[in-house]
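Colleague: Take a look at the following structure, please.
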Amino acid sequence: MAARRRRNAGPSAAGTPGEGAVLPADLELQDLYGAFAAHGLDDEDLDDAAVLVPPVRLPAEPELAALAKAVPMFDWALRLARWAAPHRAVDEFGDLTAPDRLPAARLLGLAPEEGEAEEEAVVEAMRAWSLACDLDLVEIGTTAAGEHVAVPGPDLEPAEEGDPETVLELWLTAAGIVRELAVEADSQELEREDDGDAEAEEDEEGLGEVEDARDEAAELLDEALQVLYETTAFAEPGTETVPLGVLAALLVVPEGEEPSDELLGDITDVMVALDPMLADLSELGLLDYRPIDPELFDEEEGEETAAVGADGEPAELDEEESARFGLVRLTPLGQYGIRQWLLEDGYDAPLVGDLAQGDAAELLRGVSEAANVLPEEELKVWLDGREPVAAARELLAAARGDDAYAPMRRMLCHSALTLIGAPAEPAVREVLDDPELGGGAAAWLVALGAADVPAPDRATALWTVVDAFAAQLLDTGGDPEQLRELVAELPVTEEPADYLGELWRVDHPYTADVLEAVGEMHPDRAVAKEARKAAFKARSKG
């Protein structure tokens with residue numbers, strides 16, 4: 001799949017994914033993952049930056065294989081391949097002969113057992129036979145007498161038995177074929193619209209236009225599928241469906257802009273272009289898709305504008321009316337397929353829980369260092385089924401250290417303890433005297449509502465302030481807006497020189513970095529000046 005260049009951005013990712021009307025795909029990648037700034041990338045580098053793909057949850061392969069076998073077109077291909085045994089006559093192109101076409105449609109339940117059948121039923125049966133041939137579920141050969149015959153291929157039996165590896169490999173191949181055919185069909189439509197002169201196809205310029213149309217359609221489809229992939233990764237269960245108009249807007253509207261009349265026209269064009277391609281993909285189970293209601297194009301102009309209120313603003317549409325403009329949802333099979341395509345193209349496309357397979361040290365290290373990760377999801381997977389106190393002790397032990405990622409590990413440990421809740425209290429109380437963990441432990445217990453929590457000494461409290469701020473520096477990737485909020489919340493007293501005079505003496509690897517951030521971003525000029533002086537002293541003492 002082509003690397004998608006995100007053109008649309010929404011508000012900050014400070015809120016919880018799934019809240020409000022903002023789709024996850026609205027958000028900038030650095031908002032989602034805090035990765036670009038952390039790796040020193042600026043806006044000019046974004047086109048060349050690695051695409052960060054969010055982790056997704058997938059069913060186990062046997063369940064995915066069962067879903068694939070339940071897709072009608074795939075099931076029909078299997079049934080026709082078995083029907084070919086021990087062999088069946090075909091024409092020189094490998095297609096079913098005329099006498100076998102209606103029986104094939106009847107075998108699939110597309111035509112009645114008696115009487116005539118609709119032409120569409122035979123066409124569908126022929127399409128299923130073509131897919132069986134493309135997947136080598138049937139193999140075409142020639143007898144000694146020169147007759148063309150089809151015989152079942154070697155993958156048919158394991159596919160019928162539901163072997164996950166075989167079924168998913170066949171289904172993925174089928175999905176790729178349908179994806180290519182969808183692009184071809186759309187590019188041919190663009191060709192007909194853009195060039196009414198049939199003779200132009202004969203010259204070099206005409207061929208170039210066809211190729212450009214094909215590339216444009218492929219890029220559009222890839223971008224749309226990746227938006228759906230990201231949306232599904234962040235959506236709450238049951239909220240994965242996206243209106244086609246919203247999907248098109250995410251692909252068209254530039255960052256920070258409101259749709260102009262021209263952009264609204266572009267959105268409509270993208271919707272119309274995507275509609276048949278998404279419908280084709282839905283046949284292989286990648287998508288649940290409700291296409292654009294064709295009657296919308298036949299309605300009178302006055303009816304079309306009925307969605308605009310008296311004030312000129314778009315009128316509210318009820319759910320059913322809105323659905324007429326198209327609805328799309330990526331299925332688990334679709335997630336699987338897109339992820340495989342991304343992996344084949346060299347992208348890192350992790351699964352939720354990939355980082356939660358080892359001990360606490362591996363968990364915290366992996367989540368701290370990963371650019372595309374959903375920390376809370378990894379923590380939840382790791383905690384699932386573990387005894388709370390033992391898990392809390394293991395996490396606290398793994399959080400110690402003075403390496404570059406240690407502040408992040410302690411922040412993640414704090415988050416994990418919060419997920420455990422009150423059962424973690426005994427383990428947390430055990431580290432109240434620990435110089436690295438004690439300050440955070442006391443704060444966690446107070447937030448829990450625990451009684452008799454001793455206040456940490458001054459040195460521990462100051463060290464914890466630096467450590468917590470350092471974790472945020474790492475977590476935000478240096479995002480200025482988020483850092484300004486953090487800096488403004490620092491407990492600087494009315495005498496900033498006194499407080500910052502204590503802070504620069506804190507023996508922490510990130511002391512100078514924290515003070516420099518305060519000096520650069522604190523809204524109070526006096527505080528900022530003292531912070532810069534303190535940062536210089538912290539650097540000098542080293």
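All residue names refer to the structure tokens as shown: chains lettered A, B, ... in order, residues numbered from 1 in each chain, ligands numbered from 1 in order.
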Give me every alpha helix (DSSP H) residue in range 220-469 of chain A, going by DSSP on the backbone, as an MDAnalysis selection string.
Modeller: chainID A and resid 220:234 244:252 261:282 301:304 319:323 332:344 360:369 375:383 388:399 406:420 425:429 438:448 458:469
Colleague: With only C-alpha atoms as the counted atoms, please give the residues lying no more than 8 Å from range 326-338 of chain A, apart from itself and same-chain residues fewer than 5 positions off, as a PyMOL selection string.
Modeller: chain A and resi 56+58-59+64+67-68+172+175+225-226+228-229+232+240-245+275+285-293
Colleague: Listing only residues of range 491-511 of chain A within 10 Å of range 467-479 of chain A, what is the closest atom pair and its distance in Å (to one decimal) for each, using only C-alpha atoms, sorted by chain and residue number ascending, as JSON lines?
Modeller:
```
{"residue": "A:His508", "atom": "CA", "partner": "A:Asp467", "partner_atom": "CA", "distance": 7.5}
{"residue": "A:Pro509", "atom": "CA", "partner": "A:Asp467", "partner_atom": "CA", "distance": 8.9}
{"residue": "A:Tyr510", "atom": "CA", "partner": "A:Ala470", "partner_atom": "CA", "distance": 6.1}
{"residue": "A:Thr511", "atom": "CA", "partner": "A:Ala470", "partner_atom": "CA", "distance": 8.0}
```
Colleague: I need the residues from that last selection saved to file as a PDB file, in the first residue's frame (with N, CA, C and O atoms), if you can.
Modeller:
```
ATOM      1  N   HIS A 508      19.347  14.331  38.938  1.00  0.00           N
ATOM      2  CA  HIS A 508      18.510  13.568  38.011  1.00  0.00           C
ATOM      3  C   HIS A 508      19.040  13.799  36.602  1.00  0.00           C
ATOM      4  O   HIS A 508      19.423  14.917  36.254  1.00  0.00           O
ATOM      5  N   PRO A 509      19.080  12.766  35.756  1.00  0.00           N
ATOM      6  CA  PRO A 509      19.643  12.923  34.406  1.00  0.00           C
ATOM      7  C   PRO A 509      18.940  13.991  33.564  1.00  0.00           C
ATOM      8  O   PRO A 509      19.536  14.536  32.634  1.00  0.00           O
ATOM      9  N   TYR A 510      17.689  14.283  33.874  1.00  0.00           N
ATOM     10  CA  TYR A 510      16.920  15.216  33.048  1.00  0.00           C
ATOM     11  C   TYR A 510      16.717  16.577  33.710  1.00  0.00           C
ATOM     12  O   TYR A 510      15.930  17.383  33.206  1.00  0.00           O
ATOM     13  N   THR A 511      17.417  16.868  34.789  1.00  0.00           N
ATOM     14  CA  THR A 511      17.195  18.139  35.487  1.00  0.00           C
ATOM     15  C   THR A 511      17.378  19.333  34.555  1.00  0.00           C
ATOM     16  O   THR A 511      16.520  20.223  34.481  1.00  0.00           O
TER      17      THR A 511
END
```
Colleague: Need the shell around Val167 in chain A: protein/DNA/RNA residues with any atom at most 12 Å away, counting only C-alpha atoms. Skip same-chain ones fewer than 2 positions apart. Format as a compact mmCIF listing (two decimals) with C-alpha atoms, in the first residue's frame?
Modeller:
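Produced file out_2.txt, reproduced below:
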```txt
# COMPACT_ATOMS: atom_id res chain seq x y z
CA GLU A 61 -6.41 -17.12 12.84
CA PRO A 62 -8.92 -20.02 13.11
CA GLU A 63 -11.70 -17.48 13.69
CA LEU A 64 -10.49 -15.33 10.78
CA ALA A 65 -10.38 -18.42 8.58
CA ALA A 66 -13.97 -19.25 9.53
CA LEU A 67 -15.01 -15.69 8.63
CA ALA A 68 -13.25 -16.03 5.27
CA LYS A 69 -14.99 -19.32 4.46
CA ALA A 70 -18.33 -17.69 5.27
CA VAL A 71 -17.84 -15.00 2.58
CA PHE A 74 -15.13 -17.33 -1.52
CA ASP A 75 -17.47 -20.15 -0.49
CA LEU A 78 -14.64 -23.62 -3.08
CA LEU A 135 -6.79 -19.07 -6.78
CA LEU A 137 -8.50 -24.15 -6.55
CA ASP A 155 -5.20 -26.41 -1.90
CA LEU A 156 -8.86 -27.35 -2.19
CA GLU A 157 -8.94 -30.10 0.42
CA PRO A 158 -7.10 -28.20 3.21
CA ALA A 159 -9.21 -25.13 2.43
CA GLU A 160 -12.42 -27.16 2.71
CA GLU A 161 -11.20 -28.58 6.02
CA GLY A 162 -10.61 -25.03 7.29
CA ASP A 163 -6.82 -25.08 7.62
CA PRO A 164 -6.24 -21.47 8.78
CA GLU A 165 -2.99 -20.93 6.90
CA GLU A 169 -3.58 -17.25 2.13
CA LEU A 170 -6.26 -18.01 -0.47
CA TRP A 171 -8.58 -15.31 0.88
CA LEU A 172 -5.80 -12.71 0.89
CA THR A 173 -4.97 -13.56 -2.72
CA ALA A 174 -8.65 -13.23 -3.61
CA LEU A 333 -11.08 -9.69 7.82
```
Colleague: Fewer than 6 positions away in the same chain doesn't count, so skip those; otherwise give me all residues within 12 Å of Pro99 in chain A, counting only C-alpha atoms, as a compact mmCIF listing (two decimals) with C-alpha atoms, in the first residue's frame.
Modeller:
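Result file around_6.txt:
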```
# COMPACT_ATOMS: atom_id res chain seq x y z
CA ARG A 88 -14.91 -30.99 -15.89
CA ALA A 89 -14.77 -29.81 -19.46
CA VAL A 90 -13.90 -26.14 -20.02
CA ASP A 91 -13.28 -24.01 -23.09
CA ALA A 105 -25.63 -21.28 -10.85
CA VAL A 122 -25.18 -17.15 -14.42
```
Colleague: Please indicate the distance in Å from CA of Leu462 in chain A to CA of Asp507 in chain A, rounded to one decimal place.
Modeller: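 That distance, rounded to one decimal, is 9.7 Å.
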Colleague: Range 79-309 of chain A: which residues are strand (DSSP E) by DSSP, as an MDAnalysis selection string?
Modeller: chainID A and resid 88:89 138:142 148:152 242:243 287:290
